Amino acid sequence: MSYAFPTGGLPDQADNPESSAIFTEAYAVIPASTMRDIVTSALPGWTGTRAWILARPMTGFAETFAQYAVEVAAGGGSNIPEPDAGAEAGLFVAKGAMTLTVDGVQSTLMAGGYAYVPAGASWSVKNDSTDLLGFHWIRKRYQPAAGLATPDHFTTSDAQTPMTHMPDCDGKWATTRFADPEDLRHDMHVNIVTFQPGGRIPFAETHIMEHGLYVLEGTAEYLLNKDWVKVGPGDFMWLRAFCPQACIATGSTPFRYLLYKDVNRHPDLVLP
């Protein structure tokens, strides 16, 4: 299994700068073609690392999460990756090998590997191999709830996690759920959604959850608000709450994307 990840670089001077990038009040599309070297950031506390920061909390848009694509050179990484003690993390490896240590427990995650890191944990990320490490990092400020403990750290992978097929879809629509959806300790889910060619979301989902969607494989036409947008490997979609959404998988291979959503908590009744 292969997973799309930014390649960086810079287009030739003869290329047309016109882009399929879109930013609206309801959604944004950041295509793979815009994820170039000049839009990366170095991160304090990290060595041999650059990051494409694809989403960040914005007042009046999506407010619950930040999402990065992080590339770490051989020998690089961080012993203090997270500057916010209240932040939890979802880490999905797209290429290379990650040495992850969380509260003294060390794991090696290969492509397709996923880890949940709870808020307040002591953790580190290292690239101990000779190849580049590329991973997706989703950060959210954890929202405690009365009577619920903080979720435990865990690791798993795309290959280890069974797909749950949606009902009445002839096996064309399935979700790989890394966290148990019935575990209310979790206030965010990171999933992989898979559509077989021709599969679709057959209605315009309209709901409170915010989304980050990074296309890992395949192509689709995606309905965002009132617009149909063509997306493919490495494209990122950023959706605010209540943006209508649906998709139709195109092409001859599965369409798969990494999905973030906020779940399992009461909305705040007092605006910040």
# chains A, B, ... in the order shown; residues from 1 in each chain; ligands from 1
call {"tool": "closest_atom_pairs", "arguments": {"of": "stretch 63-154 of chain A", "to": "stretch 43-53 of chain A", "cutoff": "12 Å", "atoms": "only C-alpha atoms", "output": "CSV"}}
result
residue,atom,partner,partner_atom,distance
A:Phe65,CA,A:Ile53,CA,11.3
A:Ala66,CA,A:Ile53,CA,7.6
A:Gln67,CA,A:Ile53,CA,6.2
A:Tyr68,CA,A:Ile53,CA,4.5
A:Ala69,CA,A:Trp52,CA,5.1
A:Val70,CA,A:Ala51,CA,4.3
A:Glu71,CA,A:Arg50,CA,5.5
A:Val72,CA,A:Thr49,CA,4.5
A:Ala73,CA,A:Gly48,CA,5.2
A:Ala74,CA,A:Gly48,CA,7.5
A:Gly75,CA,A:Gly48,CA,7.3
A:Gly76,CA,A:Gly48,CA,4.5
A:Gly77,CA,A:Thr47,CA,5.4
A:Ser78,CA,A:Trp46,CA,4.6
A:Asn79,CA,A:Gly45,CA,7.3
A:Ile80,CA,A:Gly45,CA,5.9
A:Pro81,CA,A:Gly45,CA,6.4
A:Glu82,CA,A:Gly45,CA,8.7
A:Pro83,CA,A:Pro44,CA,8.7
A:Ser124,CA,A:Trp46,CA,9.9
A:Val125,CA,A:Trp46,CA,9.1
A:Lys126,CA,A:Thr47,CA,9.5
A:Asn127,CA,A:Gly48,CA,9.4
A:Asp128,CA,A:Gly48,CA,11.9
A:Leu132,CA,A:Thr49,CA,9.9
A:Leu133,CA,A:Thr49,CA,9.4
A:Gly134,CA,A:Ala51,CA,9.5
A:Phe135,CA,A:Ala51,CA,9.6
A:His136,CA,A:Ala51,CA,9.5
A:Trp137,CA,A:Ile53,CA,9.4
A:Ile138,CA,A:Ile53,CA,10.1
A:Arg139,CA,A:Ile53,CA,11.1
call {"tool": "residues_around", "arguments": {"residues": "A:Gln106", "least_positions_apart": "2", "cutoff": "12 Å", "atoms": "only C-alpha atoms", "output": "PDB file with all heavy atoms, in the first residue's frame"}}
result
ATOM      1  N   MET A  98       9.201   5.558  11.580  1.00  0.00           N
ATOM      2  CA  MET A  98       9.194   6.467  12.732  1.00  0.00           C
ATOM      3  C   MET A  98       9.505   5.688  14.006  1.00  0.00           C
ATOM      4  O   MET A  98       8.865   4.669  14.295  1.00  0.00           O
ATOM      5  CB  MET A  98       7.818   7.135  12.877  1.00  0.00           C
ATOM      6  CG  MET A  98       7.659   7.956  14.161  1.00  0.00           C
ATOM      7  SD  MET A  98       5.953   8.494  14.466  1.00  0.00           S
ATOM      8  CE  MET A  98       5.760   9.725  13.185  1.00  0.00           C
ATOM      9  N   THR A  99      10.485   6.166  14.761  1.00  0.00           N
ATOM     10  CA  THR A  99      10.701   5.662  16.113  1.00  0.00           C
ATOM     11  C   THR A  99       9.973   6.605  17.060  1.00  0.00           C
ATOM     12  O   THR A  99      10.349   7.767  17.215  1.00  0.00           O
ATOM     13  CB  THR A  99      12.193   5.604  16.456  1.00  0.00           C
ATOM     14  OG1 THR A  99      12.869   4.763  15.516  1.00  0.00           O
ATOM     15  CG2 THR A  99      12.398   5.040  17.860  1.00  0.00           C
ATOM     16  N   LEU A 100       8.915   6.110  17.660  1.00  0.00           N
ATOM     17  CA  LEU A 100       8.060   6.915  18.534  1.00  0.00           C
ATOM     18  C   LEU A 100       8.184   6.399  19.967  1.00  0.00           C
ATOM     19  O   LEU A 100       8.042   5.198  20.210  1.00  0.00           O
ATOM     20  CB  LEU A 100       6.602   6.809  18.079  1.00  0.00           C
ATOM     21  CG  LEU A 100       5.550   7.463  18.970  1.00  0.00           C
ATOM     22  CD1 LEU A 100       5.693   8.979  18.962  1.00  0.00           C
ATOM     23  CD2 LEU A 100       4.149   7.059  18.525  1.00  0.00           C
ATOM     24  N   THR A 101       8.437   7.293  20.895  1.00  0.00           N
ATOM     25  CA  THR A 101       8.482   6.939  22.310  1.00  0.00           C
ATOM     26  C   THR A 101       7.470   7.799  23.050  1.00  0.00           C
ATOM     27  O   THR A 101       7.511   9.034  22.953  1.00  0.00           O
ATOM     28  CB  THR A 101       9.887   7.149  22.900  1.00  0.00           C
ATOM     29  OG1 THR A 101      10.839   6.407  22.135  1.00  0.00           O
ATOM     30  CG2 THR A 101       9.928   6.679  24.345  1.00  0.00           C
ATOM     31  N   VAL A 102       6.547   7.145  23.756  1.00  0.00           N
ATOM     32  CA  VAL A 102       5.501   7.837  24.505  1.00  0.00           C
ATOM     33  C   VAL A 102       5.533   7.336  25.945  1.00  0.00           C
ATOM     34  O   VAL A 102       5.320   6.142  26.196  1.00  0.00           O
ATOM     35  CB  VAL A 102       4.115   7.606  23.892  1.00  0.00           C
ATOM     36  CG1 VAL A 102       3.043   8.323  24.712  1.00  0.00           C
ATOM     37  CG2 VAL A 102       4.076   8.072  22.443  1.00  0.00           C
ATOM     38  N   ASP A 103       5.842   8.227  26.873  1.00  0.00           N
ATOM     39  CA  ASP A 103       5.929   7.868  28.289  1.00  0.00           C
ATOM     40  C   ASP A 103       6.776   6.614  28.509  1.00  0.00           C
ATOM     41  O   ASP A 103       6.413   5.703  29.257  1.00  0.00           O
ATOM     42  CB  ASP A 103       4.526   7.679  28.883  1.00  0.00           C
ATOM     43  CG  ASP A 103       3.757   8.991  28.983  1.00  0.00           C
ATOM     44  OD1 ASP A 103       4.403  10.056  29.096  1.00  0.00           O
ATOM     45  OD2 ASP A 103       2.513   8.955  28.937  1.00  0.00           O
ATOM     46  N   GLY A 104       7.911   6.569  27.798  1.00  0.00           N
ATOM     47  CA  GLY A 104       8.875   5.484  27.952  1.00  0.00           C
ATOM     48  C   GLY A 104       8.609   4.252  27.126  1.00  0.00           C
ATOM     49  O   GLY A 104       9.430   3.330  27.102  1.00  0.00           O
ATOM     50  N   THR A 108       8.062   1.284  16.678  1.00  0.00           N
ATOM     51  CA  THR A 108       8.498   1.638  15.332  1.00  0.00           C
ATOM     52  C   THR A 108       7.294   1.544  14.409  1.00  0.00           C
ATOM     53  O   THR A 108       6.656   0.490  14.306  1.00  0.00           O
ATOM     54  CB  THR A 108       9.602   0.701  14.827  1.00  0.00           C
ATOM     55  OG1 THR A 108      10.738   0.800  15.702  1.00  0.00           O
ATOM     56  CG2 THR A 108      10.035   1.086  13.416  1.00  0.00           C
ATOM     57  N   LEU A 109       6.969   2.655  13.755  1.00  0.00           N
ATOM     58  CA  LEU A 109       5.826   2.717  12.852  1.00  0.00           C
ATOM     59  C   LEU A 109       6.332   2.829  11.428  1.00  0.00           C
ATOM     60  O   LEU A 109       7.113   3.726  11.102  1.00  0.00           O
ATOM     61  CB  LEU A 109       4.940   3.911  13.177  1.00  0.00           C
ATOM     62  CG  LEU A 109       4.343   3.983  14.593  1.00  0.00           C
ATOM     63  CD1 LEU A 109       3.519   5.253  14.745  1.00  0.00           C
ATOM     64  CD2 LEU A 109       3.496   2.765  14.884  1.00  0.00           C
ATOM     65  N   ALA A 115      -0.545   6.232  15.337  1.00  0.00           N
ATOM     66  CA  ALA A 115      -0.397   6.332  16.791  1.00  0.00           C
ATOM     67  C   ALA A 115      -1.276   7.443  17.313  1.00  0.00           C
ATOM     68  O   ALA A 115      -1.384   8.513  16.697  1.00  0.00           O
ATOM     69  CB  ALA A 115       1.052   6.593  17.175  1.00  0.00           C
ATOM     70  N   SER A 122       4.621  12.524  27.678  1.00  0.00           N
ATOM     71  CA  SER A 122       5.997  12.851  27.301  1.00  0.00           C
ATOM     72  C   SER A 122       6.353  11.984  26.107  1.00  0.00           C
ATOM     73  O   SER A 122       6.329  10.755  26.211  1.00  0.00           O
ATOM     74  CB  SER A 122       6.939  12.578  28.472  1.00  0.00           C
ATOM     75  OG  SER A 122       8.289  12.769  28.080  1.00  0.00           O
ATOM     76  N   TRP A 123       6.657  12.606  24.969  1.00  0.00           N
ATOM     77  CA  TRP A 123       6.891  11.794  23.778  1.00  0.00           C
ATOM     78  C   TRP A 123       7.969  12.373  22.888  1.00  0.00           C
ATOM     79  O   TRP A 123       8.354  13.531  23.023  1.00  0.00           O
ATOM     80  CB  TRP A 123       5.600  11.564  23.005  1.00  0.00           C
ATOM     81  CG  TRP A 123       4.832  12.765  22.508  1.00  0.00           C
ATOM     82  CD1 TRP A 123       4.128  13.668  23.247  1.00  0.00           C
ATOM     83  CD2 TRP A 123       4.653  13.160  21.138  1.00  0.00           C
ATOM     84  NE1 TRP A 123       3.524  14.606  22.427  1.00  0.00           N
ATOM     85  CE2 TRP A 123       3.813  14.317  21.136  1.00  0.00           C
ATOM     86  CE3 TRP A 123       5.093  12.652  19.910  1.00  0.00           C
ATOM     87  CZ2 TRP A 123       3.433  14.968  19.950  1.00  0.00           C
ATOM     88  CZ3 TRP A 123       4.711  13.300  18.727  1.00  0.00           C
ATOM     89  CH2 TRP A 123       3.894  14.441  18.766  1.00  0.00           C
ATOM     90  N   SER A 124       8.484  11.530  22.011  1.00  0.00           N
ATOM     91  CA  SER A 124       9.527  11.939  21.076  1.00  0.00           C
ATOM     92  C   SER A 124       9.327  11.219  19.753  1.00  0.00           C
ATOM     93  O   SER A 124       8.711  10.150  19.689  1.00  0.00           O
ATOM     94  CB  SER A 124      10.920  11.640  21.628  1.00  0.00           C
ATOM     95  OG  SER A 124      11.137  10.241  21.730  1.00  0.00           O
ATOM     96  N   VAL A 125       9.852  11.808  18.694  1.00  0.00           N
ATOM     97  CA  VAL A 125       9.837  11.234  17.346  1.00  0.00           C
ATOM     98  C   VAL A 125      11.251  11.279  16.803  1.00  0.00           C
ATOM     99  O   VAL A 125      11.911  12.320  16.857  1.00  0.00           O
ATOM    100  CB  VAL A 125       8.898  12.012  16.404  1.00  0.00           C
ATOM    101  CG1 VAL A 125       9.082  11.568  14.958  1.00  0.00           C
ATOM    102  CG2 VAL A 125       7.445  11.851  16.821  1.00  0.00           C
ATOM    103  N   LYS A 126      11.731  10.145  16.273  1.00  0.00           N
ATOM    104  CA  LYS A 126      13.056  10.096  15.657  1.00  0.00           C
ATOM    105  C   LYS A 126      12.977   9.330  14.337  1.00  0.00           C
ATOM    106  O   LYS A 126      12.171   8.405  14.184  1.00  0.00           O
ATOM    107  CB  LYS A 126      14.059   9.389  16.586  1.00  0.00           C
ATOM    108  CG  LYS A 126      14.345  10.143  17.882  1.00  0.00           C
ATOM    109  CD  LYS A 126      15.097  11.443  17.616  1.00  0.00           C
ATOM    110  CE  LYS A 126      15.342  12.236  18.904  1.00  0.00           C
ATOM    111  NZ  LYS A 126      16.163  11.505  19.872  1.00  0.00           N
ATOM    112  N   HIS A 153      -2.558   5.996  25.272  1.00  0.00           N
ATOM    113  CA  HIS A 153      -1.722   5.899  24.072  1.00  0.00           C
ATOM    114  C   HIS A 153      -1.887   4.537  23.421  1.00  0.00           C
ATOM    115  O   HIS A 153      -1.967   3.518  24.112  1.00  0.00           O
ATOM    116  CB  HIS A 153      -0.256   6.116  24.450  1.00  0.00           C
ATOM    117  CG  HIS A 153       0.728   5.663  23.420  1.00  0.00           C
ATOM    118  ND1 HIS A 153       0.747   6.166  22.143  1.00  0.00           N
ATOM    119  CD2 HIS A 153       1.720   4.722  23.480  1.00  0.00           C
ATOM    120  CE1 HIS A 153       1.723   5.581  21.457  1.00  0.00           C
ATOM    121  NE2 HIS A 153       2.313   4.703  22.250  1.00  0.00           N
ATOM    122  N   PHE A 154      -1.958   4.521  22.100  1.00  0.00           N
ATOM    123  CA  PHE A 154      -1.955   3.237  21.392  1.00  0.00           C
ATOM    124  C   PHE A 154      -1.351   3.407  20.014  1.00  0.00           C
ATOM    125  O   PHE A 154      -1.279   4.517  19.476  1.00  0.00           O
ATOM    126  CB  PHE A 154      -3.368   2.642  21.280  1.00  0.00           C
ATOM    127  CG  PHE A 154      -4.309   3.384  20.358  1.00  0.00           C
ATOM    128  CD1 PHE A 154      -4.354   3.114  18.995  1.00  0.00           C
ATOM    129  CD2 PHE A 154      -5.173   4.355  20.857  1.00  0.00           C
ATOM    130  CE1 PHE A 154      -5.221   3.786  18.155  1.00  0.00           C
ATOM    131  CE2 PHE A 154      -6.046   5.041  20.027  1.00  0.00           C
ATOM    132  CZ  PHE A 154      -6.066   4.748  18.662  1.00  0.00           C
ATOM    133  N   THR A 155      -0.888   2.298  19.450  1.00  0.00           N
ATOM    134  CA  THR A 155      -0.424   2.256  18.065  1.00  0.00           C
ATOM    135  C   THR A 155      -1.150   1.140  17.340  1.00  0.00           C
ATOM    136  O   THR A 155      -1.528   0.123  17.931  1.00  0.00           O
ATOM    137  CB  THR A 155       1.095   2.017  17.967  1.00  0.00           C
ATOM    138  OG1 THR A 155       1.418   0.756  18.558  1.00  0.00           O
ATOM    139  CG2 THR A 155       1.873   3.122  18.669  1.00  0.00           C
TER     140      THR A 155
END
call {"tool": "residues_around", "arguments": {"residues": "A:Thr64", "least_positions_apart": "3", "cutoff": "8 Å", "atoms": "only C-alpha atoms", "output": "number ranges by chain"}}
result
A: 57, 140-141, 210, 262
call {"tool": "write_last_selection", "arguments": {"atoms": "all heavy atoms", "output": "PDB file, in the first residue's frame"}}
result
ATOM      1  N   PRO A  57      -6.330  26.441  13.578  1.00  0.00           N
ATOM      2  CA  PRO A  57      -7.569  27.073  14.027  1.00  0.00           C
ATOM      3  C   PRO A  57      -7.678  28.513  13.523  1.00  0.00           C
ATOM      4  O   PRO A  57      -6.718  29.280  13.604  1.00  0.00           O
ATOM      5  CB  PRO A  57      -7.457  27.023  15.555  1.00  0.00           C
ATOM      6  CG  PRO A  57      -6.544  25.866  15.829  1.00  0.00           C
ATOM      7  CD  PRO A  57      -5.545  25.889  14.710  1.00  0.00           C
ATOM      8  N   LYS A 140      -4.912  18.521  18.363  1.00  0.00           N
ATOM      9  CA  LYS A 140      -6.163  19.079  18.885  1.00  0.00           C
ATOM     10  C   LYS A 140      -6.013  19.311  20.379  1.00  0.00           C
ATOM     11  O   LYS A 140      -5.437  18.480  21.076  1.00  0.00           O
ATOM     12  CB  LYS A 140      -7.341  18.128  18.633  1.00  0.00           C
ATOM     13  CG  LYS A 140      -8.678  18.657  19.136  1.00  0.00           C
ATOM     14  CD  LYS A 140      -9.800  17.654  18.931  1.00  0.00           C
ATOM     15  CE  LYS A 140     -11.135  18.247  19.371  1.00  0.00           C
ATOM     16  NZ  LYS A 140     -11.167  18.583  20.807  1.00  0.00           N
ATOM     17  N   ARG A 141      -6.538  20.415  20.876  1.00  0.00           N
ATOM     18  CA  ARG A 141      -6.570  20.648  22.316  1.00  0.00           C
ATOM     19  C   ARG A 141      -7.624  19.710  22.907  1.00  0.00           C
ATOM     20  O   ARG A 141      -8.805  19.777  22.567  1.00  0.00           O
ATOM     21  CB  ARG A 141      -6.916  22.105  22.603  1.00  0.00           C
ATOM     22  CG  ARG A 141      -7.020  22.452  24.085  1.00  0.00           C
ATOM     23  CD  ARG A 141      -5.696  22.404  24.776  1.00  0.00           C
ATOM     24  NE  ARG A 141      -4.822  23.504  24.407  1.00  0.00           N
ATOM     25  CZ  ARG A 141      -4.836  24.700  25.004  1.00  0.00           C
ATOM     26  NH1 ARG A 141      -5.685  24.960  25.973  1.00  0.00           N
ATOM     27  NH2 ARG A 141      -3.979  25.629  24.624  1.00  0.00           N
ATOM     28  N   GLU A 210     -15.971  19.414  12.180  1.00  0.00           N
ATOM     29  CA  GLU A 210     -14.997  19.973  11.260  1.00  0.00           C
ATOM     30  C   GLU A 210     -14.169  18.841  10.668  1.00  0.00           C
ATOM     31  O   GLU A 210     -14.037  17.778  11.277  1.00  0.00           O
ATOM     32  CB  GLU A 210     -14.086  20.966  11.979  1.00  0.00           C
ATOM     33  CG  GLU A 210     -14.826  22.151  12.554  1.00  0.00           C
ATOM     34  CD  GLU A 210     -13.936  23.082  13.344  1.00  0.00           C
ATOM     35  OE1 GLU A 210     -12.786  22.722  13.667  1.00  0.00           O
ATOM     36  OE2 GLU A 210     -14.393  24.192  13.655  1.00  0.00           O
ATOM     37  N   ASP A 262     -13.950  16.139  14.833  1.00  0.00           N
ATOM     38  CA  ASP A 262     -14.147  16.313  16.273  1.00  0.00           C
ATOM     39  C   ASP A 262     -15.489  15.681  16.654  1.00  0.00           C
ATOM     40  O   ASP A 262     -16.487  15.843  15.952  1.00  0.00           O
ATOM     41  CB  ASP A 262     -14.098  17.794  16.654  1.00  0.00           C
ATOM     42  CG  ASP A 262     -15.014  18.667  15.804  1.00  0.00           C
ATOM     43  OD1 ASP A 262     -14.946  18.565  14.564  1.00  0.00           O
ATOM     44  OD2 ASP A 262     -15.804  19.454  16.354  1.00  0.00           O
TER      45      ASP A 262
END
call {"tool": "residues_around", "arguments": {"residues": "stretch 226-236 of chain A", "least_positions_apart": "6", "cutoff": "10 Å", "atoms": "only C-alpha atoms", "output": "PyMOL selection string"}}
result
chain A and resi 3-7+20-22+26+28-35+54-55+204+212-220+243-250+255-258
call {"tool": "closest_residue", "arguments": {"among": "A:Leu224, A:Ala94, A:Val270, A:Leu148", "to": "A:Thr24", "atoms": "only C-alpha atoms"}}
result
A:Leu224
call {"tool": "select_by_dssp", "arguments": {"residues": "stretch 51-176 of chain A", "states": "strand (DSSP E or B)", "output": "PyMOL selection string"}}
result
chain A and resi 51-55+65-78+87-95+97-102+105-110+113-117+123-126+133-141+154-157+163-165+173-176
call {"tool": "closest_atom_pairs", "arguments": {"of": "stretch 117-189 of chain A", "to": "stretch 263-266 of chain A", "cutoff": "8 Å", "atoms": "only C-alpha atoms", "output": "JSON lines"}}
result
{"residue": "A:Gln143", "atom": "CA", "partner": "A:Arg265", "partner_atom": "CA", "distance": 7.8}
{"residue": "A:Ala145", "atom": "CA", "partner": "A:Arg265", "partner_atom": "CA", "distance": 7.7}
{"residue": "A:Leu184", "atom": "CA", "partner": "A:Asn264", "partner_atom": "CA", "distance": 6.0}
{"residue": "A:His186", "atom": "CA", "partner": "A:Asn264", "partner_atom": "CA", "distance": 7.1}
{"residue": "A:Asp187", "atom": "CA", "partner": "A:Val263", "partner_atom": "CA", "distance": 5.0}
{"residue": "A:Met188", "atom": "CA", "partner": "A:Val263", "partner_atom": "CA", "distance": 5.3}
{"residue": "A:His189", "atom": "CA", "partner": "A:Val263", "partner_atom": "CA", "distance": 7.0}
call {"tool": "write_last_selection", "arguments": {"atoms": "N, CA, C and O atoms", "output": "PDB file, in the first residue's frame"}}
result
ATOM      1  N   GLN A 143     -10.375  18.025  25.078  1.00  0.00           N
ATOM      2  CA  GLN A 143     -11.491  18.557  25.848  1.00  0.00           C
ATOM      3  C   GLN A 143     -11.943  17.517  26.864  1.00  0.00           C
ATOM      4  O   GLN A 143     -12.650  16.567  26.529  1.00  0.00           O
ATOM      5  N   ALA A 145     -13.989  15.560  29.860  1.00  0.00           N
ATOM      6  CA  ALA A 145     -15.410  15.456  30.176  1.00  0.00           C
ATOM      7  C   ALA A 145     -15.561  14.765  31.526  1.00  0.00           C
ATOM      8  O   ALA A 145     -14.809  13.835  31.847  1.00  0.00           O
ATOM      9  N   LEU A 184     -16.001   6.995  24.511  1.00  0.00           N
ATOM     10  CA  LEU A 184     -16.285   8.420  24.620  1.00  0.00           C
ATOM     11  C   LEU A 184     -15.142   9.220  25.220  1.00  0.00           C
ATOM     12  O   LEU A 184     -15.214  10.450  25.284  1.00  0.00           O
ATOM     13  N   HIS A 186     -12.471   9.608  23.713  1.00  0.00           N
ATOM     14  CA  HIS A 186     -11.895  10.260  22.538  1.00  0.00           C
ATOM     15  C   HIS A 186     -12.796  11.398  22.074  1.00  0.00           C
ATOM     16  O   HIS A 186     -13.990  11.193  21.836  1.00  0.00           O
ATOM     17  N   ASP A 187     -12.208  12.587  21.927  1.00  0.00           N
ATOM     18  CA  ASP A 187     -12.959  13.725  21.414  1.00  0.00           C
ATOM     19  C   ASP A 187     -12.570  14.070  19.980  1.00  0.00           C
ATOM     20  O   ASP A 187     -12.973  15.101  19.445  1.00  0.00           O
ATOM     21  N   MET A 188     -11.741  13.216  19.378  1.00  0.00           N
ATOM     22  CA  MET A 188     -11.469  13.329  17.943  1.00  0.00           C
ATOM     23  C   MET A 188     -11.284  11.933  17.384  1.00  0.00           C
ATOM     24  O   MET A 188     -10.881  11.005  18.088  1.00  0.00           O
ATOM     25  N   HIS A 189     -11.622  11.775  16.122  1.00  0.00           N
ATOM     26  CA  HIS A 189     -11.363  10.529  15.409  1.00  0.00           C
ATOM     27  C   HIS A 189     -10.476  10.826  14.205  1.00  0.00           C
ATOM     28  O   HIS A 189     -10.651  11.843  13.530  1.00  0.00           O
TER      29      HIS A 189
END
call {"tool": "closest_residue", "arguments": {"among": "A:Leu259, A:Val117, A:Ala149, A:Ala241", "to": "A:Val193", "atoms": "only C-alpha atoms"}}
result
A:Leu259
call {"tool": "closest_residue", "arguments": {"among": "A:His165, A:Phe203, A:Val190, A:Val105", "to": "A:Arg177", "atoms": "only C-alpha atoms"}}
result
A:Val190
call {"tool": "residues_around", "arguments": {"residues": "A:Gly9", "least_positions_apart": "3", "cutoff": "9 Å", "atoms": "only C-alpha atoms", "output": "list in words"}}
result
Met35, Arg36, Asp37 and Ile38 of chain A
